Structures are given as C-alpha cells and as structure tokens.
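Some notes on the structure that comes next.
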Protein chains: 4
Amino acid sequence: MALSRIGVLTSGGDAPGMNSAIRAVVRTAASIGVDATGIVGGYDGLVNGAFRRLDVRDVGDILHRGGTILHTARNAEMHTSKGPRAAMRNLNANGIDALVVIGGDGSLAGAHALAAEGVQVVGIPASIDNDISGTAMALGADTALNTICETVDKLRDTASSHQRAFLVETMGRECGYLAIQAGLACGAEIVIVPELDMTLDEVGDVIEAAYARGKTHAFVLVAEGAKLAIQDVAAHLGSHDIGFEPRITILGHVQRGGSPTAFDRLLASRFGVVAVEALADGGTDVMTGLSAQEVVLVPLAEVVAGNRRPSMLAYDVMRRLAR
Amino acid sequence: MALSRIGVLTSGGDAPGMNSAIRAVVRTAASIGVDATGIVGGYDGLVNGAFRRLDVRDVGDILHRGGTILHTARNAEMHTSKGPRAAMRNLNANGIDALVVIGGDGSLAGAHALAAEGVQVVGIPASIDNDISGTAMALGADTALNTICETVDKLRDTASSHQRAFLVETMGRECGYLAIQAGLACGAEIVIVPELDMTLDEVGDVIEAAYARGKTHAFVLVAEGAKLAIQDVAAHLGSHDIGFEPRITILGHVQRGGSPTAFDRLLASRFGVVAVEALADGGTDVMTGLSAQEVVLVPLAEVVAGNRRPSMLAYDVMRRLAR
Amino acid sequence: MALSRIGVLTSGGDAPGMNSAIRAVVRTAASIGVDATGIVGGYDGLVNGAFRRLDVRDVGDILHRGGTILHTARNAEMHTSKGPRAAMRNLNANGIDALVVIGGDGSLAGAHALAAEGVQVVGIPASIDNDISGTAMALGADTALNTICETVDKLRDTASSHQRAFLVETMGRECGYLAIQAGLACGAEIVIVPELDMTLDEVGDVIEAAYARGKTHAFVLVAEGAKLAIQDVAAHLGSHDIGFEPRITILGHVQRGGSPTAFDRLLASRFGVVAVEALADGGTDVMTGLSAQEVVLVPLAEVVAGNRRPSMLAYDVMRRLAR
Amino acid sequence: MALSRIGVLTSGGDAPGMNSAIRAVVRTAASIGVDATGIVGGYDGLVNGAFRRLDVRDVGDILHRGGTILHTARNAEMHTSKGPRAAMRNLNANGIDALVVIGGDGSLAGAHALAAEGVQVVGIPASIDNDISGTAMALGADTALNTICETVDKLRDTASSHQRAFLVETMGRECGYLAIQAGLACGAEIVIVPELDMTLDEVGDVIEAAYARGKTHAFVLVAEGAKLAIQDVAAHLGSHDIGFEPRITILGHVQRGGSPTAFDRLLASRFGVVAVEALADGGTDVMTGLSAQEVVLVPLAEVVAGNRRPSMLAYDVMRRLAR
C-alpha cells in the first residue's frame, strides 16, 4: 500500500538541526505526493493526539532556527504497553501511515518499541552529546561544539589579561564527547569526563605544570556527569598554590541553542530525505546514520543495543598538544 | 614644560575596549610628537618597573581585540605611601612625564592618589558594570551587555521547545547594571539585583504569574552580588510547583571577553584622544567622561567621591513589558 | 476622549529594532488597557486596509528578531490627498484612535501629513543610516555598525596573511554615517562618503602612504552614495603601484539584518513606551527622540524640516589614529 | 637518520585552520624532541630564506585565530628548477631535515616537486573551496561555509520584510563547492556554479516559480567563476517581472576570514599530528587526508593528478527541498 500521510515528531532533549530535519521530511514527502502531520510535544503528543498538519509553507523559514517547532517532551507511558497502543490508535485516526522520530537514545528506543507494535517508523538521530550508536554524527553535536568554542574564545581574551585557570562545565551526563572534543578544539590543558577516573591531585598537577611551563592561563573542561564536580575542582585549585586563580563558567542549556551550523543543516536535510525515501520504500525499524560521507540505514535494534563511547583519540591529541 | 613621553596602564578587572583605548592613546601621542610607554600589569607594573616602549606599529591590529595587551593586576601597595613613591621614581627613571590610567573605580582612586603626589595623570573609565561616576558609559559595558543578550537568545531557542525557567547569573558584585539592562533587552520576567530587596516568594509569584498568562518560558537574570543566590532561587522554583522547570547558566568571565562592540571601540578611541590632549594641555587629576554625546573632562575627586547607582528606569520598563 | 485602540506600522527600509518597538508599543498599550492593531506592509497596508489585531502574546519572542513582523513597503499614494483620506477611513472603520509610525525620514513625513489630516500620530525613528533629525540615534544604526565591524574583523584575519587593500561598500545613499563611524571603529585608512569631495589620486596617496609606513594591510570604507564608485577606486588602486592589491566586498542588505544589539533593543523599548504614553496624553505630530540619555518628544514638523548630516568628528579621529 | 628540525610553511590562498595546523605541527614535533622552524611567506620565503624559529610558546594563542601567522604568497620560481634548488640550499643551511607544506592544489604540487628533488615533505590540504583530491575535507571549507550561512541568515531577516530576491556571490573560481553546499544549508532556490550550464531564462523561471508558490523571498547563490555573472543575473531578474526585486551581496575575502570552526580546529590538529608522525617515520611525498572519520596518508602524486569535482548530491537535495 502506498504512503499517503506521514507523521513527524521530535523527542527528548532538543538539538540544533531538528527544525532543518522537520523541513526536509515535510518537503521530501511533498515531492513524492505524500502529506505530512506534525506531532506536537514528542511521544506525549503522540499518545494524547496533539497533531497538526504541516504543508511546505509551514516549514519555511525554520531551516536555520534552533529548537524545534514541534516542541519536545518525555513521556513515561511509552515504556508501558498503554503508550504504544494509544499512539497507534491516534495515528490510525489521523490517517498517518508511517512515522519519523527525531531524537536521542531514549526516543529511538521508543521508535523501536513502536515498530514492534507494527508502526512503520524511521528514526533520525539527534543528540548534542553525539552518543548514539550507528552514526558517526548525530544532529546538534557540531553546533554545540562550536557554541562551546565561541565561549572559551571569549574567556581567552580576558585570560590573557590575568593569570587564570578557567573551569568550564559542558553538558554530558553520561558522555564526555563535548568536553573531549572541545578540549582539543579550544586548547584545554585537561578535561574531566565520566569516561576517565581522575583525582583532584592529578588535575592540580596538570595545571601546576602548565603554569610552570610559562602558560599565561589554563582551561579545564568538565562534563556535568564527571565524577569530580566543577566546584570541588575549583576549590582544590584555589586552596593549593598552583599559580592560576580558578574561575567557573557553567554553560547549561546555552549549548542546546543557537542556529544550527552548516554541517548540522546539511546532515539534517540529508537525513530527512533518506528517512522519507526509506518509508516510501517500505522500510521500517531503521535509523538514518552517517557512515563515512554517506547516509545509510541502520536497524534500530542495533542502535538500541549499541553503547557508543566517545573516541579517546581527541583526548590523547589534546594532551599531546597542550604544552 | 612640553610633554615628551607618556605612560599608559590598564588596571583592575579587564573590559573590552581597553585595547582600543591603548591604541588611541599611543597614536594620538604620536600625532603630537610625544612618545609612549606601556606599563605592564597595572599598578603592579608601575611600582615594580615593568615598562615597555609602544610605538604606532605596536598597537596595530589590537583595536578589535578583547582583553588588554598591557595585562592588569591589583596592587595593594598603592594604598600605602610606599606605592606612589616607587611609582614616581620609576616614571622619572623612564622619562615619563604623564600617565593615562584605564580602569574602574579602584584604579581611578589610585590615579587620584598619584595626582596628589604630583604625578600628571588622566583617567579613562573602564568597567563592564558601568558603575563609575562622571560618565554616562564606561568602556566594556556595551560589549558585556551584548554578550549576555547573545547567550539568552540561545537559551530562548531551547526554551521554546520545553517549558523552562532559565536563571542566568550575570556579573555585578555590588551593582545590578548588567542584570537590569539585560533584563529589559532580553525580555526577562524579573531581575534579582543588589539594589532591590526581594524574597524568594516574590520571585516565585512573578514566575508563576508568567506561566499562568500562557508564556512558554521565563528568564530570570541574577546579579552575582544579589542577596538571593541563584542556586537558592532555582531550588525554590524547583520545589514549588510554579509551572516551569528551572535551569541555571553561570556566564562568569565570558562577560569580560569578546571583541569590543562598535560603541566601545568608538568611545575608547574618543576617550584616548581627549585624554592625551588633556595631558598636552597640562590637565591632570581628571577623567574622560561621556556626557550626552560629548566627551568631557571630570575631576577625579568627583569621580572618587561619587556613588553611581544604576537607573531603575530600565527595570520599570522591563516589568511593564513583561506581560 | 480616552484611547481604546492604537495602530502600529513599520515603513520604509527595515531596521533592526523595529520588532522590539512593535512589542513595546503593544505591551505598553495593554498596560493601560488599550488594544493594538498591526498594519501590515506600511502605508500600503494602511491605505489598503491590511489590518491584524495584536495582543501581548502575538508580540512574544520577537524582541530579538531582525526585520519586522509587520513587513514594510513604500506607497506612492501617501504623497497625494487620496492616500491620507483612504488611511483615515480605514482607521475609523477599524476603531483605531491613534497611530504609531516606525520608520525613516520619508515615513515620518508621511506621519506628519497624516497628522495634518487630523490623525493622532506619534513617530519612532528607525534608520540604519541614522539620518533623522531630532534624535541622537535612530533604531538600527547601532546594529548595522556592529555588523560592518564583524565583517571587517574577518577581512582583517586574511589581511594579515597577504598584503591587501580591502574596499568595503557600506549602505548610505545620501549619508556617510555608517562608513564614517565604521571607519573609526574598524581602523580604516580612509572612508569615501557623499559628504566629502575626494579624488582617486587622493585616495591612492593615502593608501600608498599607509604602505610606506609599514602597514600590512589597509581598509577603505565606501558609502554606496559616494561620488567615487567602489569599482573605480579598486581599478585605480590596482593600476597604480601603491603596494597593496585591492579586493572588493559589497555588504548590501546584510547590514539591515541580524538580531538587534542590546542598545537597539533598549532604545526601541523606551521609544515604544514613550510613544504610547504620548498618545495616551493626547500628544500628536511628534516623534520620540534620544537626547543625552533621555527619551524626549520632538515635533514632527522639526524632524521633517531638519537636515541631519553626520558628524565629521569620527572622521577626523579616524584619520588621526590611522598611522 | 633521525629528524632534528622540521620546517613548516603556508602557501596559496589562506584558509581558517592554518594556524591550528601550524600549532599542531610545532607541538607534535616538540613532543618527540624535534625543533621547528617557520618559513614566512610561503614558497617565496623558502626560496628567499625568510626563516623563523618556532617554539611551543610561539604557537600559543593561535589555535583559534583566522589567517596564518606565517603569511602566504605565491612564488613563480618554484615552477622552474631554480626555485627548488634555492629552497634545498636554504633548508640545508638552516639544518631543516623535512618540511610540512600547508596549502591548496598549487601548493601541494610545489611540495610534490620538492619531493622529486629529494626534500622530505608532507602536505596538509587547506582550501576553502574543498577542491583537493584525496581528502573528504580540506581545512577552511567548513568555516567558510558557516560564514556564508551567517550572512544569508541576516539577509533572511530583512527578506521577510520586503519581497526580494537576494543574489549572493561566493568564492569559487573553478569550483562550485561553497555555493552548492551553502545553497542547501541556507535554503536557496538555485545556485549558479561553474559545473552547471544554465541560462538566464532558466534562473528567471526558477525564481518566478518560487514567487508563484507563495514564497516571501528567494536566495540565489552564485560562485564567482560561474559562466553567468551576478550582475547579469540581477539585471535579468530586474528587467523581467518575476515578482521579486533583486539585490546583490558580494562577500569576497570575508569567506577566508573568521575564527576556524570546531571542525576545522579538530581536523587541523589531527592533520598536524599525523604529518609530523609521518615525517618521523621517514614518510615523504604524501598528504594527510580525511577518509571516513580517519586521517590517512595519500601519495602527493595522486593528489596532484586528481581532479576533484564537488558532489552534485547537495544540489539535487537543495532543488528538491526548495518548494
């Protein structure tokens, strides 16, 4: 049976590029004669029937905007049998044949669960932490990384005027991806991430050594989920005479905002095209992924089972170049 | 006696525009046949003799850079008689006839003390808090304000996707200028500043009312010196069911960084020209100030005695437009 | 008779800050129990009856956006008697008691003509060229200036790598304000503006002298309305051996875009409040203006009769510091 | 024989990320006990002996800066036998055992020629046009793309206020990469590039169709080397009644400037590490390249012989989503 209407939703933590992906989904659908419905508020909207028709004009002027016009939320019912059942009923009632789910790990697990119930669904990975198996890059990570870099660049201006150790807390509850990549991109001395065990004394030694080498300042990036809390690191550096005075910046949700970078817009556009084409070809229970420079389809079962840890390569390069 | 060499130093917290002012001082001096010497590390460098000749090429390519090429520091000895004495000795030893001091309240008080000892000195006000008497604007405040706005704009992207109350801590230990102005410029619901007494319940009521009016998010700007700490405000909002979930961003020294805005570059250039002209005219113990659209000279005695509090006008307008 | 509904329109070339002003007008009106109607497409919409009710939620999330949600256009009929008559008819038919007009010189002349016909009207000055009499700053000029600075800063990066003379065309058909201010803010060697007569040889001499002084690059800002065209300047510099190779950048409408700066948001908010208060007090045929740090009301007759030329002070300072 | 000193130069058009690569080369060398010398002004400096020692502190604070601290130039003598001979002599005289060349196509051809003369040399690809065979991405392309996007985003603000067709000229004399990728990333209607034959009427039809579909504005990106000149396209659109008024922006060298993006900093850092490791392993006549997510070594002979044309995939996606 041919597709006649697809639904699209964004779920979980929002990420720059979600709007670009929504636009691509709606317009690719239009290009093959398929209508689109936006589901407002993620799975919550799916379960509660918050639906809204989206035509090609409705997704004009959103390609470059942060956030998501479809909002996002977390819904506990999706993990029970009740959620998927209500979801299916709403999809049927609205004449929606298939679904595109844009979101992170949990959202893609939800999509996999829906597929098990018989919903035709394709996922698009979006996560500023870039912690999703099956794709080299998830939407939003490139933008978040650039946001962190711009912030550290501003700190650098003032760092040149005083002798300071700047501690910057990045997002990443279970994943140090942003802190590690930004550590290399910003020339940090060290990063503190969930993936590495580190003591306060080890951190202090690195910073003290940087001071001894004649550096005028030092940057330390701390993932929010690291075992050492940023306040404790600051207190340690402050109380030991390591040469630099510590100062704290906590970026918070700033990292989820901002206009998506060119990379995120391009990736989102390609993901959106491939997702709709996959649905048109009868595909289901898969996710779009970036592999080398190609967009491929990856079974959601593999994505959900996977456990993506950030590469430590950037960490090693950062440590090597911090001299 | 005609001037033959002037010294220039930056002192206290650094502010965007300091480099633009240094460039203007050095090149204006050159335009009237006067040489310039940079004093490295503020009053500390003055007392300890960290001097460096600056010619017109040395200040090329710095007009647009944050921080200060002359670094800055605080020096306790300036408040004793020992400091000014050592300073004078160093100025004489280096053939420096007069001094330009770029900095905030404390730095200008130091300049006033030097003038009392017989040093010919003109001050240039620089303070992101804009808390200096005798000038409508101090260097750096316009840039810092724009930095805060850019950050809040990014939060706004993600705020549209979730229902959140974002708490943003701005600089300002004793002065709520940045929080108040940014509150209006960013459309905050409320700001929490040292100048206003406010209880946690009052803040909660304002946020809850915004939620009831149908707002999709709320911003609260908190000056670091406010009587209510940002963590306590977040805890209060989190524990009372006010509709929005609170999230914290602490900008820290990011506000001191960044390339100066056009306004700060223009003001710094004009301040630099007038400061050197004042010295050439035999002026001393004065500060350049912005009054209406003119740059004027204000006695340092008045500046030091003054107690500038931020206008509450912007606060009232903010509250009125937050609906 | 008390106000019950005011109309607001934006007209002429758009300027960053127009949206901030619309928001302030609508919400200030709401704060005194007055409704608001947006008129879409400037005077064109006024004459043709393109009206749209605006409540406080409709102007949410626009404070920081470039452009104008009410669009803008030029309408020839306003200069005949037919235009104002149709306008009045439409205002009456929609129960609109008074009008706020946000725009430049021509738009404010239109407002003055409407006032002569008996419409209660207050103007808000908006012009990136800052060429409106009666106000120290018009909306949009500060943002446009910063946009130019950011662009020149990027050119500077690459200028340090090659020996180049960069020619940058700024907006300004009859007014060199942007070129002059940006010239000082960006450290240009020279600016070419309608207000100054200059020959190609004079420009060439200035650039050649900069080369001889050892500069690694030179910037020339050219207002689009200058008597020398940017292509001719480039050809002249290219054909004479002045040391630097010329390269052209034409910014165009980029200067009208971008999120308004803090200054433009604050000024727009204050202008909006005062405009509505003036209407509520029975004021008409006046414009809000910035005088020193205060917002004042200026008769539109004076604004229209005035002929504002940019100060040459910044030009003189630029030439003095370009060494 | 073990390496004791390596030279590094940047050549050809500068690209954001060159400084990050210089830093990585110098510090990786230091990490294995090898000294570094910077060659100033590209091959010109190599032939004329403009050498400068670089230690780890000399490359501090440059990771995030646009341009190149080593400057760049084109040198005609490299294409004769005289150039390489003088180069070898200078390398020997300065005790330089091996060379890293950072640049584009022509610069890498020069490196290949040096290798043929017996110089141990590794290339690092840098080109905002991304037109170098053997690597998925060259340094600078990601930054240039984002610069174009930021500019078009600003035009979009003002485009929403008027009905306009904005024509934006991007760099790319022989390669439409930037125009094509930016066309998709910015939601252009059409791009005009050297790789595609297109008539003025075809462009007019596309823009007219966009107008008919109800679009409020249209963007056309034109590579500087396209067969249709941007002025001719504007004249055509202006003289035919296609609904939108055309406006021109010429970005010029702005695209070479700006702080490198996170992507370019990370890639440059990895390229620098691998280049020095390759030299330490005795490698020569190769270039670092990005293949999938890995950095690999590619023979310069292949790079020089290759002819990289931009993928038309992004073009097809752009056309499909422009509705």
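The chains in the structure tokens are called A, B, ... from first to last as shown; in each chain the residues are counted from 1, and the ligands are counted from 1 in the order shown.
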Item to complete: Apply DSSP to the backbone of this structure and, from region 94-273 of chain B, keep only the residues in strand (DSSP E); write these as a PyMOL selection string.
Response: chain B and resi 98-103+120-125+164-170+190-192+217-223+245-250
Output file for the selection above: N, CA and C atoms, as a CSV table (one decimal), in the first residue's frame:
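And here's part32.csv as it stands now:
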```
chain,number,residue,atom,x,y,z
B,98,ALA,N,53.9,62.0,32.1
B,98,ALA,CA,52.5,62.0,32.5
B,98,ALA,C,51.9,60.6,32.2
B,99,LEU,N,50.8,60.3,32.8
B,99,LEU,CA,50.2,59.0,32.8
B,99,LEU,C,48.8,58.9,32.4
B,100,VAL,N,48.4,57.9,31.6
B,100,VAL,CA,47.0,57.6,31.4
B,100,VAL,C,46.6,56.3,32.1
B,101,VAL,N,45.6,56.3,33.0
B,101,VAL,CA,45.2,55.1,33.7
B,101,VAL,C,43.8,54.7,33.2
B,102,ILE,N,43.8,53.5,32.7
B,102,ILE,CA,42.5,53.0,32.1
B,102,ILE,C,42.0,51.9,33.1
B,103,GLY,N,40.8,52.2,33.7
B,103,GLY,CA,40.4,51.2,34.7
B,103,GLY,C,39.1,51.6,35.4
B,120,GLN,N,51.3,63.9,36.9
B,120,GLN,CA,50.3,64.4,36.0
B,120,GLN,C,49.6,63.1,35.4
B,121,VAL,N,48.3,63.0,35.7
B,121,VAL,CA,47.6,61.8,35.3
B,121,VAL,C,46.1,62.1,34.8
B,122,VAL,N,45.7,61.4,33.8
B,122,VAL,CA,44.3,61.5,33.3
B,122,VAL,C,43.8,60.0,33.3
B,123,GLY,N,42.5,59.9,33.8
B,123,GLY,CA,41.9,58.5,33.8
B,123,GLY,C,40.9,58.3,32.7
B,124,ILE,N,40.8,57.1,32.3
B,124,ILE,CA,39.8,56.6,31.3
B,124,ILE,C,38.9,55.6,32.0
B,125,PRO,N,37.6,55.8,32.1
B,125,PRO,CA,36.8,54.8,32.8
B,125,PRO,C,36.5,53.6,32.0
B,164,ARG,N,10.4,26.0,30.4
B,164,ARG,CA,11.5,26.2,31.3
B,164,ARG,C,11.6,27.6,31.9
B,165,ALA,N,12.1,27.7,33.1
B,165,ALA,CA,12.5,29.0,33.6
B,165,ALA,C,14.0,29.0,33.7
B,166,PHE,N,14.6,29.8,32.9
B,166,PHE,CA,16.1,29.9,32.8
B,166,PHE,C,16.6,31.0,33.8
B,167,LEU,N,17.5,30.6,34.7
B,167,LEU,CA,18.1,31.6,35.6
B,167,LEU,C,19.5,31.8,35.0
B,168,VAL,N,19.9,33.0,34.8
B,168,VAL,CA,21.2,33.4,34.3
B,168,VAL,C,21.9,34.3,35.2
B,169,GLU,N,23.1,33.9,35.7
B,169,GLU,CA,23.8,34.8,36.6
B,169,GLU,C,24.8,35.7,35.8
B,170,THR,N,24.6,37.0,36.0
B,170,THR,CA,25.5,38.0,35.4
B,170,THR,C,26.5,38.5,36.4
B,190,ILE,N,11.9,39.0,35.4
B,190,ILE,CA,12.4,39.7,36.6
B,190,ILE,C,13.9,39.6,36.7
B,191,VAL,N,14.5,40.6,37.4
B,191,VAL,CA,15.9,40.5,37.7
B,191,VAL,C,16.1,40.6,39.2
B,192,ILE,N,17.1,40.0,39.6
B,192,ILE,CA,17.4,40.0,41.1
B,192,ILE,C,18.8,40.7,41.2
B,217,HIS,N,8.0,30.2,28.4
B,217,HIS,CA,9.2,30.1,29.2
B,217,HIS,C,9.4,31.5,29.9
B,218,ALA,N,10.3,31.5,30.9
B,218,ALA,CA,10.6,32.7,31.6
B,218,ALA,C,12.1,32.8,31.8
B,219,PHE,N,12.6,34.0,31.8
B,219,PHE,CA,14.0,34.3,32.1
B,219,PHE,C,14.1,35.1,33.4
B,220,VAL,N,15.1,34.7,34.2
B,220,VAL,CA,15.4,35.5,35.4
B,220,VAL,C,16.9,35.8,35.4
B,221,LEU,N,17.2,37.1,35.5
B,221,LEU,CA,18.6,37.4,35.5
B,221,LEU,C,19.0,37.7,36.9
B,222,VAL,N,20.1,37.2,37.4
B,222,VAL,CA,20.5,37.3,38.8
B,222,VAL,C,21.9,37.9,38.8
B,223,ALA,N,22.1,39.1,39.4
B,223,ALA,CA,23.4,39.7,39.5
B,223,ALA,C,24.2,38.9,40.6
B,245,GLU,N,10.2,24.4,34.9
B,245,GLU,CA,11.3,23.8,35.5
B,245,GLU,C,12.5,24.7,35.4
B,246,PRO,N,13.2,25.0,36.5
B,246,PRO,CA,14.3,25.9,36.5
B,246,PRO,C,15.6,25.3,36.0
B,247,ARG,N,16.4,26.1,35.3
B,247,ARG,CA,17.7,25.7,34.8
B,247,ARG,C,18.7,26.8,35.0
B,248,ILE,N,20.0,26.5,35.3
B,248,ILE,CA,20.9,27.5,35.7
B,248,ILE,C,22.0,27.7,34.6
B,249,THR,N,22.4,28.9,34.3
B,249,THR,CA,23.6,29.2,33.5
B,249,THR,C,24.4,30.3,34.2
B,250,ILE,N,25.7,30.0,34.4
B,250,ILE,CA,26.5,31.0,35.1
B,250,ILE,C,27.6,31.4,34.0
```
Fill in: 7 Å contacts from chain A to chain D using only C-alpha atoms, as a PyMOL selection string
chain A and resi 24+27-28+31+56+145-146+149+184-185+261-262+265-266+292-293+320-321+323
Worksheet item: Near Asp281 (chain C), within 12 Å and counting only C-alpha atoms, which residues show up once chain neighbours fewer than 3 positions away are dropped, as a ChimeraX atom specification?
Response: /C:1-3,32,98,120-122,274-278,284
Dump C-alpha atoms for the selected residues as a compact mmCIF listing (two decimals), in the first residue's frame?
```txt
# COMPACT_ATOMS: atom_id res chain seq x y z
CA MET C 1 -11.80 61.05 24.69
CA ALA C 2 -9.81 58.14 26.02
CA LEU C 3 -7.84 55.89 23.68
CA ILE C 32 -3.00 50.95 30.20
CA ALA C 98 -4.28 56.79 17.10
CA GLN C 120 -3.39 61.35 16.09
CA VAL C 121 0.07 60.02 15.36
CA VAL C 122 3.45 59.60 17.04
CA VAL C 274 7.07 56.87 25.44
CA ALA C 275 5.19 56.83 22.12
CA VAL C 276 2.16 55.15 23.66
CA GLU C 277 2.28 57.35 26.74
CA ALA C 278 2.38 60.40 24.47
CA THR C 284 0.27 64.03 18.25
```
Discussion item. If I take CA of Ala209 (chain D) and CA of Gly13 (chain C), how far is one from the other in Å, to one decimal?
Written reply: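 Pair CA of Ala209 (chain D) / CA of Gly13 (chain C) returns 25.9 Å.
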Worksheet item: Of the residues D:Ala179, D:Gly118, D:Asp44, D:Phe244, which is the one nearest to Ala159 (chain D), using only C-alpha atoms?
Response: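 Going through D:Ala179, D:Gly118, D:Asp44, D:Phe244 one by one, the smallest distance to Ala159 (chain D) is for D:Phe244.
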Discussion item. If you run DSSP on the backbone here, which positions in region 76-217 of chain B get alpha helix (DSSP H)? Please write them as a ChimeraX atom specification.
Written reply: /B:82-93,105-116,141-159,177-186,200-212
